[in-house]
$ cat query39.txt   # compact mmCIF, C-alpha atoms and all ligand atoms
# COMPACT_ATOMS: atom_id res chain seq x y z
CA MET A 1 0.00 0.00 0.00
CA GLY A 2 1.26 3.45 -0.82
CA ASN A 3 0.42 6.87 0.47
CA MET A 4 -0.18 9.01 -2.59
CA LYS A 5 -3.60 10.65 -2.91
CA LEU A 6 -4.71 11.63 -6.39
CA THR A 7 -7.69 13.15 -8.15
CA LEU A 8 -8.45 11.39 -11.41
CA LYS A 9 -10.52 13.18 -14.05
CA ILE A 10 -11.65 10.32 -16.26
CA TRP A 11 -13.61 10.29 -19.53
CA ARG A 12 -16.77 8.21 -18.98
CA GLN A 13 -18.89 7.23 -21.97
CA SER A 14 -21.41 4.42 -21.68
CA GLY A 15 -21.26 3.53 -25.40
CA PRO A 16 -20.49 4.80 -28.90
CA ASN A 17 -23.64 6.95 -29.01
CA ASP A 18 -23.31 8.48 -25.55
CA LYS A 19 -21.99 12.07 -25.49
CA GLY A 20 -19.52 11.29 -22.70
CA ARG A 21 -18.17 13.50 -19.90
CA ILE A 22 -15.27 13.89 -17.49
CA VAL A 23 -15.97 12.46 -13.99
CA ASP A 24 -13.81 13.14 -10.90
CA TYR A 25 -12.56 10.23 -8.79
CA PRO A 26 -10.41 10.58 -5.67
CA VAL A 27 -8.06 7.63 -5.23
CA ASN A 28 -5.94 6.95 -2.14
CA ASN A 29 -3.22 4.48 -1.14
CA VAL A 30 -1.40 4.72 -4.46
CA SER A 31 2.21 3.50 -4.34
CA GLU A 32 4.85 5.13 -6.52
CA ASP A 33 5.92 1.58 -7.49
CA MET A 34 2.54 0.81 -9.08
CA SER A 35 2.17 0.97 -12.83
CA PHE A 36 -0.44 3.39 -14.16
CA LEU A 37 -2.73 0.47 -15.01
CA GLU A 38 -2.34 -1.00 -11.50
CA MET A 39 -3.42 2.38 -10.15
CA LEU A 40 -6.55 2.13 -12.35
CA ASP A 41 -7.08 -1.41 -10.99
CA VAL A 42 -7.12 0.11 -7.47
CA LEU A 43 -9.75 2.60 -8.60
CA ASN A 44 -11.85 -0.11 -10.24
CA ASP A 45 -11.69 -2.30 -7.09
CA GLN A 46 -12.93 0.71 -5.16
CA LEU A 47 -15.77 1.35 -7.65
CA ILE A 48 -16.84 -2.32 -7.68
CA ARG A 49 -16.94 -2.39 -3.85
CA GLU A 50 -19.16 0.71 -3.96
CA GLY A 51 -21.49 -1.02 -6.46
CA LYS A 52 -20.50 1.38 -9.24
CA ASP A 53 -19.56 0.70 -12.89
CA PRO A 54 -15.77 0.19 -13.23
CA VAL A 55 -13.86 2.22 -15.82
CA ALA A 56 -13.36 0.30 -19.11
CA PHE A 57 -9.82 0.48 -20.49
CA ASP A 58 -7.80 -1.72 -22.85
CA HIS A 59 -4.79 -3.77 -21.76
CA ASP A 60 -3.32 -7.20 -22.33
CA CYS A 61 0.41 -7.93 -21.98
CA ARG A 62 1.21 -5.08 -19.56
CA GLU A 63 4.83 -5.19 -20.70
CA GLY A 64 4.96 -2.94 -23.76
CA ILE A 65 4.44 -5.63 -26.39
CA CYS A 66 0.80 -5.93 -27.45
CA GLY A 67 -0.14 -2.30 -28.14
CA MET A 68 -3.52 -2.59 -26.39
CA CYS A 69 -3.05 0.01 -23.65
CA SER A 70 -3.97 3.38 -25.04
CA LEU A 71 -4.61 6.26 -22.71
CA PHE A 72 -4.30 9.98 -23.22
CA ILE A 73 -2.80 11.06 -19.89
CA ASN A 74 -2.61 14.79 -19.14
CA GLY A 75 -2.87 15.46 -22.87
CA GLU A 76 -0.16 13.01 -23.99
CA PRO A 77 -0.64 9.56 -25.51
CA HIS A 78 0.90 7.01 -23.10
CA GLY A 79 1.48 9.88 -20.64
CA PRO A 80 4.72 11.59 -19.64
CA GLY A 81 8.01 9.98 -20.58
CA ARG A 82 9.34 8.89 -23.96
CA GLY A 83 9.64 5.42 -25.47
CA ILE A 84 7.13 3.77 -23.13
CA THR A 85 3.57 2.53 -23.29
CA THR A 86 0.90 3.31 -20.68
CA CYS A 87 1.48 -0.09 -19.05
CA GLN A 88 5.18 0.78 -18.61
CA LEU A 89 4.40 4.14 -16.98
CA HIS A 90 4.90 4.15 -13.20
CA MET A 91 3.25 6.29 -10.59
CA ARG A 92 6.64 7.66 -9.50
CA LYS A 93 6.22 10.02 -12.50
CA PHE A 94 3.47 11.74 -10.48
CA LYS A 95 3.35 13.25 -7.00
CA ASP A 96 1.05 13.21 -4.01
CA GLY A 97 -1.94 15.53 -4.54
CA ASP A 98 -1.74 15.52 -8.34
CA THR A 99 -4.80 15.80 -10.58
CA ILE A 100 -4.54 13.54 -13.62
CA PHE A 101 -6.70 13.77 -16.75
CA ILE A 102 -7.30 10.39 -18.43
CA GLU A 103 -8.98 10.24 -21.83
CA PRO A 104 -9.30 7.74 -24.70
CA TRP A 105 -7.52 8.09 -28.06
CA ARG A 106 -9.31 10.83 -30.04
CA SER A 107 -9.68 10.03 -33.73
CA ALA A 108 -12.69 9.66 -36.03
CA ALA A 109 -11.16 6.38 -37.24
CA PHE A 110 -10.94 5.03 -33.64
CA PRO A 111 -14.51 5.35 -32.27
CA VAL A 112 -15.01 4.99 -28.53
CA ILE A 113 -16.49 1.63 -27.49
CA LYS A 114 -16.83 2.50 -23.82
CA ASP A 115 -15.02 4.95 -21.49
CA LEU A 116 -11.32 4.70 -22.37
CA SER A 117 -11.65 1.77 -24.77
CA THR A 118 -11.61 2.52 -28.51
CA ASN A 119 -12.14 0.42 -31.63
CA ARG A 120 -8.81 0.24 -33.48
CA SER A 121 -9.85 -2.45 -35.97
CA ALA A 122 -9.10 0.06 -38.78
CA PHE A 123 -5.44 -0.85 -38.19
CA ASP A 124 -6.25 -4.57 -38.61
CA ARG A 125 -7.93 -3.88 -41.94
CA ILE A 126 -4.91 -1.87 -43.18
CA GLN A 127 -2.63 -4.72 -42.11
CA ALA A 128 -4.84 -7.29 -43.83
CA ALA A 129 -4.74 -5.24 -47.05
CA GLY A 130 -1.03 -5.89 -47.56
CA GLY A 131 1.06 -6.15 -44.39
CA PHE A 132 2.31 -9.67 -45.06
CA VAL A 133 4.57 -11.73 -47.30
CA SER A 134 2.91 -14.49 -49.35
CA VAL A 135 4.91 -17.64 -48.73
CA ASN A 136 4.68 -20.95 -50.55
CA THR A 137 4.35 -23.49 -47.76
CA SER A 138 4.32 -26.57 -49.99
CA GLY A 139 7.61 -27.90 -48.63
CA ASN A 140 10.12 -26.00 -50.79
CA LEU A 141 10.73 -23.14 -48.38
CA VAL A 142 14.12 -21.42 -48.40
CA ASP A 143 15.62 -20.83 -44.97
CA GLY A 144 15.39 -17.07 -44.27
CA ASN A 145 19.00 -17.05 -43.08
CA ALA A 146 20.16 -18.29 -46.50
CA VAL A 147 19.41 -14.87 -48.03
CA PRO A 148 22.20 -12.38 -47.22
CA ILE A 149 20.90 -8.97 -46.07
CA PRO A 150 23.09 -5.90 -45.38
CA LYS A 151 23.26 -5.23 -41.62
CA ASP A 152 22.01 -1.65 -42.00
CA ASP A 153 18.90 -2.81 -43.91
CA ALA A 154 18.25 -5.59 -41.40
CA ASP A 155 18.53 -3.12 -38.48
CA LYS A 156 16.17 -0.62 -40.11
CA ALA A 157 13.67 -3.37 -40.98
CA PHE A 158 13.82 -4.58 -37.39
CA ASP A 159 13.24 -1.04 -36.05
CA ALA A 160 10.16 -0.72 -38.30
CA ALA A 161 8.93 -4.14 -37.16
CA THR A 162 8.89 -3.02 -33.51
CA CYS A 163 5.66 -1.05 -34.19
CA ILE A 164 3.06 -2.52 -31.85
CA GLY A 165 0.04 -0.95 -33.55
CA CYS A 166 -0.99 1.03 -30.48
CA GLY A 167 -2.29 4.06 -32.40
CA ALA A 168 -0.54 6.76 -30.34
CA CYS A 169 0.76 8.24 -33.61
CA VAL A 170 -2.82 8.76 -34.80
CA ALA A 171 -4.03 10.02 -31.44
CA THR A 172 -1.36 12.70 -31.17
CA CYS A 173 -1.48 13.85 -34.81
CA PRO A 174 -3.50 17.06 -35.31
CA ASN A 175 -4.74 15.52 -38.58
CA GLY A 176 -5.42 12.04 -37.15
CA SER A 177 -3.00 10.60 -39.71
CA ALA A 178 -1.97 6.94 -39.64
CA MET A 179 1.12 7.49 -41.80
CA LEU A 180 3.70 6.44 -39.19
CA PHE A 181 1.91 3.13 -38.57
CA VAL A 182 1.49 2.37 -42.29
CA ALA A 183 5.06 3.49 -42.99
CA ALA A 184 6.41 1.10 -40.35
CA LYS A 185 4.39 -1.80 -41.74
CA VAL A 186 5.45 -1.09 -45.35
CA SER A 187 9.11 -0.43 -44.43
CA GLN A 188 9.64 -3.63 -42.50
CA PHE A 189 9.10 -5.55 -45.76
CA ALA A 190 10.37 -2.97 -48.29
CA LEU A 191 13.86 -3.16 -46.78
CA LEU A 192 14.14 -6.94 -47.09
CA PRO A 193 14.53 -9.03 -50.27
CA GLN A 194 11.64 -11.26 -49.15
CA GLY A 195 9.34 -8.22 -49.23
CA ARG A 196 10.27 -6.89 -52.65
CA PRO A 197 8.14 -9.14 -54.94
CA GLU A 198 4.91 -7.73 -53.45
CA ALA A 199 6.23 -4.24 -52.60
CA LYS A 200 4.18 -2.30 -55.17
CA ARG A 201 0.93 -4.07 -54.46
CA ARG A 202 1.52 -3.72 -50.70
CA ALA A 203 2.18 0.04 -50.72
CA LEU A 204 -0.82 0.77 -52.96
CA ALA A 205 -3.24 -1.49 -51.07
CA MET A 206 -2.25 -0.34 -47.58
CA VAL A 207 -2.43 3.36 -48.48
CA GLU A 208 -5.78 2.83 -50.22
CA GLN A 209 -7.16 1.10 -47.12
CA MET A 210 -5.75 3.83 -44.85
CA ASP A 211 -7.63 6.45 -46.90
CA LYS A 212 -10.85 4.39 -46.79
CA GLU A 213 -10.71 4.21 -43.00
CA GLY A 214 -10.94 8.01 -42.67
CA PHE A 215 -7.48 8.84 -41.28
CA GLY A 216 -6.23 12.37 -42.02
CA ASN A 217 -3.34 13.42 -44.21
CA CYS A 218 0.25 13.70 -43.02
CA SER A 219 1.52 17.30 -42.85
CA ASN A 220 4.93 16.44 -41.36
CA THR A 221 4.30 17.86 -37.87
CA GLY A 222 6.44 15.05 -36.42
CA ALA A 223 4.28 14.64 -33.29
CA CYS A 224 3.88 10.93 -34.11
CA GLU A 225 7.61 10.23 -33.85
CA VAL A 226 7.82 12.08 -30.52
CA GLU A 227 4.96 10.15 -28.91
CA CYS A 228 5.58 6.72 -30.46
CA PRO A 229 6.44 4.29 -27.63
CA LYS A 230 8.72 2.38 -30.03
CA GLN A 231 10.32 5.57 -31.37
CA ILE A 232 9.59 4.68 -34.98
CA SER A 233 11.47 7.20 -37.14
CA LEU A 234 9.89 9.65 -39.60
CA GLU A 235 12.45 8.24 -42.03
CA HIS A 236 9.98 5.40 -42.59
CA ILE A 237 7.31 7.88 -43.77
CA ALA A 238 9.78 9.17 -46.36
CA ARG A 239 10.35 5.53 -47.45
CA LEU A 240 6.58 4.90 -47.69
CA ASN A 241 6.21 8.01 -49.87
CA ARG A 242 8.98 6.74 -52.18
CA GLU A 243 7.49 3.24 -52.30
CA TYR A 244 4.02 4.60 -53.03
CA LEU A 245 5.23 7.00 -55.74
CA ALA A 246 7.31 4.30 -57.43
CA ALA A 247 4.35 1.89 -57.29
CA THR A 248 2.04 4.51 -58.82
CA VAL A 249 4.27 5.40 -61.76
CA THR A 250 5.28 1.84 -62.57
CA LYS A 251 1.91 0.20 -61.85
CA GLU A 252 1.46 -3.06 -63.79
S1 LIG B 301 4.09 3.76 -35.17
FE1 LIG B 301 4.46 3.88 -32.95
S2 LIG B 301 2.71 5.03 -32.15
FE2 LIG B 301 2.14 4.32 -34.19
S3 LIG B 301 1.08 2.38 -33.88
FE3 LIG B 301 3.27 1.88 -34.24
S4 LIG B 301 4.14 1.79 -32.17
FE4 LIG B 301 2.19 2.85 -31.93
S1 LIG B 302 -0.81 -3.68 -22.25
FE1 LIG B 302 0.39 -4.52 -23.91
S2 LIG B 302 1.59 -2.82 -24.56
FE2 LIG B 302 0.56 -2.07 -22.79
$ encode --input "query39.txt" --output "structure tokens"
Amino acid sequence: MGNMKLTLKIWRQSGPNDKGRIVDYPVNNVSEDMSFLEMLDVLNDQLIREGKDPVAFDHDCREGICGMCSLFINGEPHGPGRGITTCQLHMRKFKDGDTIFIEPWRSAAFPVIKDLSTNRSAFDRIQAAGGFVSVNTSGNLVDGNAVPIPKDDADKAFDAATCIGCGACVATCPNGSAMLFVAAKVSQFALLPQGRPEAKRRALAMVEQMDKEGFGNCSNTGACEVECPKQISLEHIARLNREYLAATVTKE
């Protein structure tokens, strides 16, 4: 048990059609060693004991891998600190007596399901449009390690592949653009020989799906790179633009 006392100002919305509002919750006995999500667990225990509706929020791995946790904390996606997800944020970043605003991701393409939980299936549909390599699994597979890849390309592809699909890039972008996410997913294949055969189709299909989902346009504000918990570089957006342009002008 800790001794921090906080006031939480939390977005409550009973469903997609509810207008929603900020509700104040005092929470006591918060330890600085708790994660932010554990602090919300304390609040929800308290609400359940009082017979009230607990606050809905998304989480799964709680170790920075799955991309499910997604809170706007004091106006920043994943809260204060750089290179971490909400589940990796600890209460030692706050102090006794603080007031903390907690809101869901705000984007037309990520509608609120309930309270702090949003529907990010638009990302799944973009991924399904082209974020894969078609592999012949009939028994004549070539071992991936048999294809030599320059170290610099392998490192950049790996960096792109660390995107966890959390959506913080969209949430922080003034235009609600999904370019950093799509760029990471296109780059991780574009940099590797295994990804080249389908590169044109992939870039065109993923960008087309991104536009269909209602994300905004990229205007190079760079907020996405700053708030991305995996620190995905804007360099990948430049690569996506090159891949897309090349695919457009040399379309089969
Ligand atoms: S690019 Fe970064 S912020 Fe955007 S979905 Fe991937 S990990 Fe999250
Ligand atoms: S709960 Fe999985 S990344 Fe935070």
$ closest_residue --input "query39.txt" --among "A:Asp58, A:Leu234, A:Ala199, A:Arg49" --to "Ile113 (chain A)" --atoms "only C-alpha atoms"
A:Asp58
$ residues_around --input "query39.txt" --residues "region 103-110 of chain A" --least-positions-apart "4" --cutoff "8 Å" --atoms "only C-alpha atoms" --output "number ranges by chain"
A: 10-11, 70-73, 77, 115-122, 167-168, 170-171, 176, 213-215
$ closest_residue --input "query39.txt" --among "A:Gly75, A:Gly51, A:Pro174, A:Gly67" --to "ligand LIG 302 (chain B)" --atoms "only C-alpha atoms and all ligand atoms"
A:Gly67
$ residues_around --input "query39.txt" --residues "Thr162 (chain A)" --least-positions-apart "4" --cutoff "12 Å" --atoms "only C-alpha atoms" --output "PDB file with C-alpha atoms, keeping the file's coordinate frame"
ATOM      1  CA  GLY A  64       4.960  -2.940 -23.760  1.00  0.00           C
ATOM      2  CA  ILE A  65       4.440  -5.630 -26.390  1.00  0.00           C
ATOM      3  CA  CYS A  66       0.800  -5.930 -27.450  1.00  0.00           C
ATOM      4  CA  GLY A  67      -0.140  -2.300 -28.140  1.00  0.00           C
ATOM      5  CA  GLY A  83       9.640   5.420 -25.470  1.00  0.00           C
ATOM      6  CA  ASP A 155      18.530  -3.120 -38.480  1.00  0.00           C
ATOM      7  CA  LYS A 156      16.170  -0.620 -40.110  1.00  0.00           C
ATOM      8  CA  ALA A 157      13.670  -3.370 -40.980  1.00  0.00           C
ATOM      9  CA  PHE A 158      13.820  -4.580 -37.390  1.00  0.00           C
ATOM     10  CA  CYS A 166      -0.990   1.030 -30.480  1.00  0.00           C
ATOM     11  CA  PHE A 181       1.910   3.130 -38.570  1.00  0.00           C
ATOM     12  CA  ALA A 184       6.410   1.100 -40.350  1.00  0.00           C
ATOM     13  CA  LYS A 185       4.390  -1.800 -41.740  1.00  0.00           C
ATOM     14  CA  SER A 187       9.110  -0.430 -44.430  1.00  0.00           C
ATOM     15  CA  GLN A 188       9.640  -3.630 -42.500  1.00  0.00           C
ATOM     16  CA  CYS A 228       5.580   6.720 -30.460  1.00  0.00           C
ATOM     17  CA  PRO A 229       6.440   4.290 -27.630  1.00  0.00           C
ATOM     18  CA  LYS A 230       8.720   2.380 -30.030  1.00  0.00           C
ATOM     19  CA  GLN A 231      10.320   5.570 -31.370  1.00  0.00           C
ATOM     20  CA  ILE A 232       9.590   4.680 -34.980  1.00  0.00           C
ATOM     21  CA  SER A 233      11.470   7.200 -37.140  1.00  0.00           C
TER      22      SER A 233
END
$ closest_residue --input "query39.txt" --among "A:Leu180, A:Ala190, A:Ile84, A:Cys173" --to "ligand LIG 301 (chain B)" --atoms "only C-alpha atoms and all ligand atoms"
A:Leu180
$ residues_near_ligand --input "query39.txt" --ligand "ligand LIG 302 (chain B)" --cutoff "7 Å" --atoms "only C-alpha atoms and all ligand atoms" --output "ChimeraX atom specification"
/A:59-69,85-88
$ write_last_selection --input "query39.txt" --atoms "C-alpha atoms" --output "mmCIF file, keeping the file's coordinate frame"
data_model
loop_
_atom_site.group_PDB
_atom_site.id
_atom_site.type_symbol
_atom_site.label_atom_id
_atom_site.label_comp_id
_atom_site.auth_asym_id
_atom_site.auth_seq_id
_atom_site.Cartn_x
_atom_site.Cartn_y
_atom_site.Cartn_z
ATOM 1 C CA HIS A 59 -4.790 -3.770 -21.760
ATOM 2 C CA ASP A 60 -3.320 -7.200 -22.330
ATOM 3 C CA CYS A 61 0.410 -7.930 -21.980
ATOM 4 C CA ARG A 62 1.210 -5.080 -19.560
ATOM 5 C CA GLU A 63 4.830 -5.190 -20.700
ATOM 6 C CA GLY A 64 4.960 -2.940 -23.760
ATOM 7 C CA ILE A 65 4.440 -5.630 -26.390
ATOM 8 C CA CYS A 66 0.800 -5.930 -27.450
ATOM 9 C CA GLY A 67 -0.140 -2.300 -28.140
ATOM 10 C CA MET A 68 -3.520 -2.590 -26.390
ATOM 11 C CA CYS A 69 -3.050 0.010 -23.650
ATOM 12 C CA THR A 85 3.570 2.530 -23.290
ATOM 13 C CA THR A 86 0.900 3.310 -20.680
ATOM 14 C CA CYS A 87 1.480 -0.090 -19.050
ATOM 15 C CA GLN A 88 5.180 0.780 -18.610
#
$ residues_near_point --input "query39.txt" --point "(11.5, 1.2, -45.5)" --cutoff "10 Å" --atoms "only C-alpha atoms" --output "number ranges by chain"
A: 153, 156-157, 159-160, 183-192, 235-243
$ residues_around --input "query39.txt" --residues "Gln13 (chain A)" --least-positions-apart "5" --cutoff "6 Å" --atoms "only C-alpha atoms" --output "NGL selection string"
:A and (18 or 20 or 114-115)
$ closest_residue --input "query39.txt" --among "A:Thr172, A:Thr137, A:Asn17, A:Asn3" --to "Met91 (chain A)" --atoms "all atoms listed in the file"
A:Asn3
$ closest_residue --input "query39.txt" --among "A:Val135, A:Ala247, A:Ile48, A:Val27" --to "Lys5 (chain A)" --atoms "all atoms listed in the file"
A:Val27
$ decode --input "query39.txt" --residues "region 164-202 of chain A" --atoms "N, CA and C atoms" --output "PDB file, in the first residue's frame"
ATOM      1  N   ILE A 164       4.002  -1.623 -32.525  1.00  0.00           N
ATOM      2  CA  ILE A 164       3.060  -2.521 -31.851  1.00  0.00           C
ATOM      3  C   ILE A 164       1.593  -2.187 -32.193  1.00  0.00           C
ATOM      4  N   GLY A 165       1.415  -1.254 -33.115  1.00  0.00           N
ATOM      5  CA  GLY A 165       0.037  -0.950 -33.549  1.00  0.00           C
ATOM      6  C   GLY A 165      -0.829  -0.331 -32.474  1.00  0.00           C
ATOM      7  N   CYS A 166      -0.210   0.475 -31.597  1.00  0.00           N
ATOM      8  CA  CYS A 166      -0.989   1.034 -30.481  1.00  0.00           C
ATOM      9  C   CYS A 166      -1.903   2.178 -30.911  1.00  0.00           C
ATOM     10  N   GLY A 167      -1.476   2.944 -31.925  1.00  0.00           N
ATOM     11  CA  GLY A 167      -2.293   4.063 -32.396  1.00  0.00           C
ATOM     12  C   GLY A 167      -1.962   5.401 -31.766  1.00  0.00           C
ATOM     13  N   ALA A 168      -0.910   5.474 -30.955  1.00  0.00           N
ATOM     14  CA  ALA A 168      -0.539   6.758 -30.337  1.00  0.00           C
ATOM     15  C   ALA A 168      -0.191   7.794 -31.398  1.00  0.00           C
ATOM     16  N   CYS A 169       0.385   7.323 -32.517  1.00  0.00           N
ATOM     17  CA  CYS A 169       0.758   8.236 -33.614  1.00  0.00           C
ATOM     18  C   CYS A 169      -0.486   8.935 -34.159  1.00  0.00           C
ATOM     19  N   VAL A 170      -1.569   8.191 -34.297  1.00  0.00           N
ATOM     20  CA  VAL A 170      -2.823   8.762 -34.804  1.00  0.00           C
ATOM     21  C   VAL A 170      -3.410   9.709 -33.766  1.00  0.00           C
ATOM     22  N   ALA A 171      -3.398   9.256 -32.505  1.00  0.00           N
ATOM     23  CA  ALA A 171      -4.030  10.023 -31.435  1.00  0.00           C
ATOM     24  C   ALA A 171      -3.357  11.372 -31.228  1.00  0.00           C
ATOM     25  N   THR A 172      -2.069  11.441 -31.437  1.00  0.00           N
ATOM     26  CA  THR A 172      -1.364  12.701 -31.174  1.00  0.00           C
ATOM     27  C   THR A 172      -1.326  13.611 -32.382  1.00  0.00           C
ATOM     28  N   CYS A 173      -1.592  13.066 -33.564  1.00  0.00           N
ATOM     29  CA  CYS A 173      -1.484  13.849 -34.807  1.00  0.00           C
ATOM     30  C   CYS A 173      -2.646  14.829 -34.912  1.00  0.00           C
ATOM     31  N   PRO A 174      -2.382  16.119 -35.166  1.00  0.00           N
ATOM     32  CA  PRO A 174      -3.503  17.065 -35.307  1.00  0.00           C
ATOM     33  C   PRO A 174      -4.421  16.715 -36.471  1.00  0.00           C
ATOM     34  N   ASN A 175      -3.920  15.928 -37.430  1.00  0.00           N
ATOM     35  CA  ASN A 175      -4.743  15.521 -38.584  1.00  0.00           C
ATOM     36  C   ASN A 175      -5.316  14.113 -38.419  1.00  0.00           C
ATOM     37  N   GLY A 176      -4.966  13.427 -37.319  1.00  0.00           N
ATOM     38  CA  GLY A 176      -5.417  12.039 -37.154  1.00  0.00           C
ATOM     39  C   GLY A 176      -4.855  11.144 -38.244  1.00  0.00           C
ATOM     40  N   SER A 177      -3.609  11.387 -38.622  1.00  0.00           N
ATOM     41  CA  SER A 177      -3.003  10.597 -39.708  1.00  0.00           C
ATOM     42  C   SER A 177      -2.414   9.292 -39.179  1.00  0.00           C
ATOM     43  N   ALA A 178      -2.525   8.258 -40.016  1.00  0.00           N
ATOM     44  CA  ALA A 178      -1.972   6.941 -39.642  1.00  0.00           C
ATOM     45  C   ALA A 178      -0.678   6.655 -40.401  1.00  0.00           C
ATOM     46  N   MET A 179      -0.036   7.708 -40.933  1.00  0.00           N
ATOM     47  CA  MET A 179       1.121   7.491 -41.803  1.00  0.00           C
ATOM     48  C   MET A 179       2.281   6.775 -41.103  1.00  0.00           C
ATOM     49  N   LEU A 180       2.544   7.074 -39.832  1.00  0.00           N
ATOM     50  CA  LEU A 180       3.704   6.438 -39.189  1.00  0.00           C
ATOM     51  C   LEU A 180       3.466   4.935 -39.044  1.00  0.00           C
ATOM     52  N   PHE A 181       2.250   4.550 -38.686  1.00  0.00           N
ATOM     53  CA  PHE A 181       1.907   3.132 -38.572  1.00  0.00           C
ATOM     54  C   PHE A 181       2.065   2.436 -39.925  1.00  0.00           C
ATOM     55  N   VAL A 182       1.439   3.010 -40.957  1.00  0.00           N
ATOM     56  CA  VAL A 182       1.492   2.374 -42.292  1.00  0.00           C
ATOM     57  C   VAL A 182       2.927   2.349 -42.801  1.00  0.00           C
ATOM     58  N   ALA A 183       3.658   3.418 -42.545  1.00  0.00           N
ATOM     59  CA  ALA A 183       5.059   3.488 -42.986  1.00  0.00           C
ATOM     60  C   ALA A 183       5.893   2.392 -42.327  1.00  0.00           C
ATOM     61  N   ALA A 184       5.647   2.155 -41.052  1.00  0.00           N
ATOM     62  CA  ALA A 184       6.407   1.104 -40.351  1.00  0.00           C
ATOM     63  C   ALA A 184       6.083  -0.258 -40.954  1.00  0.00           C
ATOM     64  N   LYS A 185       4.808  -0.493 -41.227  1.00  0.00           N
ATOM     65  CA  LYS A 185       4.392  -1.805 -41.738  1.00  0.00           C
ATOM     66  C   LYS A 185       4.888  -2.035 -43.178  1.00  0.00           C
ATOM     67  N   VAL A 186       4.934  -0.952 -43.980  1.00  0.00           N
ATOM     68  CA  VAL A 186       5.446  -1.087 -45.348  1.00  0.00           C
ATOM     69  C   VAL A 186       6.974  -1.236 -45.313  1.00  0.00           C
ATOM     70  N   SER A 187       7.633  -0.430 -44.489  1.00  0.00           N
ATOM     71  CA  SER A 187       9.105  -0.426 -44.426  1.00  0.00           C
ATOM     72  C   SER A 187       9.682  -1.768 -43.984  1.00  0.00           C
ATOM     73  N   GLN A 188       9.036  -2.407 -43.045  1.00  0.00           N
ATOM     74  CA  GLN A 188       9.635  -3.629 -42.497  1.00  0.00           C
ATOM     75  C   GLN A 188       9.805  -4.694 -43.590  1.00  0.00           C
ATOM     76  N   PHE A 189       8.965  -4.616 -44.641  1.00  0.00           N
ATOM     77  CA  PHE A 189       9.102  -5.553 -45.765  1.00  0.00           C
ATOM     78  C   PHE A 189       9.898  -4.940 -46.915  1.00  0.00           C
ATOM     79  N   ALA A 190       9.720  -3.619 -47.134  1.00  0.00           N
ATOM     80  CA  ALA A 190      10.365  -2.970 -48.288  1.00  0.00           C
ATOM     81  C   ALA A 190      11.886  -3.072 -48.195  1.00  0.00           C
ATOM     82  N   LEU A 191      12.405  -3.141 -46.971  1.00  0.00           N
ATOM     83  CA  LEU A 191      13.860  -3.164 -46.776  1.00  0.00           C
ATOM     84  C   LEU A 191      14.471  -4.550 -46.942  1.00  0.00           C
ATOM     85  N   LEU A 192      13.616  -5.568 -47.036  1.00  0.00           N
ATOM     86  CA  LEU A 192      14.138  -6.942 -47.092  1.00  0.00           C
ATOM     87  C   LEU A 192      13.856  -7.575 -48.457  1.00  0.00           C
ATOM     88  N   PRO A 193      14.765  -8.405 -48.964  1.00  0.00           N
ATOM     89  CA  PRO A 193      14.526  -9.028 -50.275  1.00  0.00           C
ATOM     90  C   PRO A 193      13.237  -9.838 -50.305  1.00  0.00           C
ATOM     91  N   GLN A 194      12.872 -10.449 -49.183  1.00  0.00           N
ATOM     92  CA  GLN A 194      11.639 -11.260 -49.149  1.00  0.00           C
ATOM     93  C   GLN A 194      10.387 -10.400 -49.364  1.00  0.00           C
ATOM     94  N   GLY A 195      10.505  -9.099 -49.092  1.00  0.00           N
ATOM     95  CA  GLY A 195       9.337  -8.225 -49.227  1.00  0.00           C
ATOM     96  C   GLY A 195       9.219  -7.561 -50.581  1.00  0.00           C
ATOM     97  N   ARG A 196      10.270  -7.633 -51.385  1.00  0.00           N
ATOM     98  CA  ARG A 196      10.274  -6.889 -52.650  1.00  0.00           C
ATOM     99  C   ARG A 196       9.258  -7.391 -53.684  1.00  0.00           C
ATOM    100  N   PRO A 197       9.057  -8.717 -53.862  1.00  0.00           N
ATOM    101  CA  PRO A 197       8.140  -9.142 -54.935  1.00  0.00           C
ATOM    102  C   PRO A 197       6.751  -8.516 -54.825  1.00  0.00           C
ATOM    103  N   GLU A 198       6.273  -8.267 -53.599  1.00  0.00           N
ATOM    104  CA  GLU A 198       4.909  -7.728 -53.445  1.00  0.00           C
ATOM    105  C   GLU A 198       4.921  -6.249 -53.029  1.00  0.00           C
ATOM    106  N   ALA A 199       6.082  -5.593 -53.147  1.00  0.00           N
ATOM    107  CA  ALA A 199       6.227  -4.238 -52.602  1.00  0.00           C
ATOM    108  C   ALA A 199       5.234  -3.239 -53.201  1.00  0.00           C
ATOM    109  N   LYS A 200       5.070  -3.283 -54.523  1.00  0.00           N
ATOM    110  CA  LYS A 200       4.177  -2.299 -55.170  1.00  0.00           C
ATOM    111  C   LYS A 200       2.736  -2.505 -54.723  1.00  0.00           C
ATOM    112  N   ARG A 201       2.310  -3.752 -54.823  1.00  0.00           N
ATOM    113  CA  ARG A 201       0.928  -4.066 -54.457  1.00  0.00           C
ATOM    114  C   ARG A 201       0.668  -3.691 -52.992  1.00  0.00           C
ATOM    115  N   ARG A 202       1.665  -3.999 -52.145  1.00  0.00           N
ATOM    116  CA  ARG A 202       1.517  -3.720 -50.704  1.00  0.00           C
ATOM    117  C   ARG A 202       1.347  -2.231 -50.435  1.00  0.00           C
TER     118      ARG A 202
END
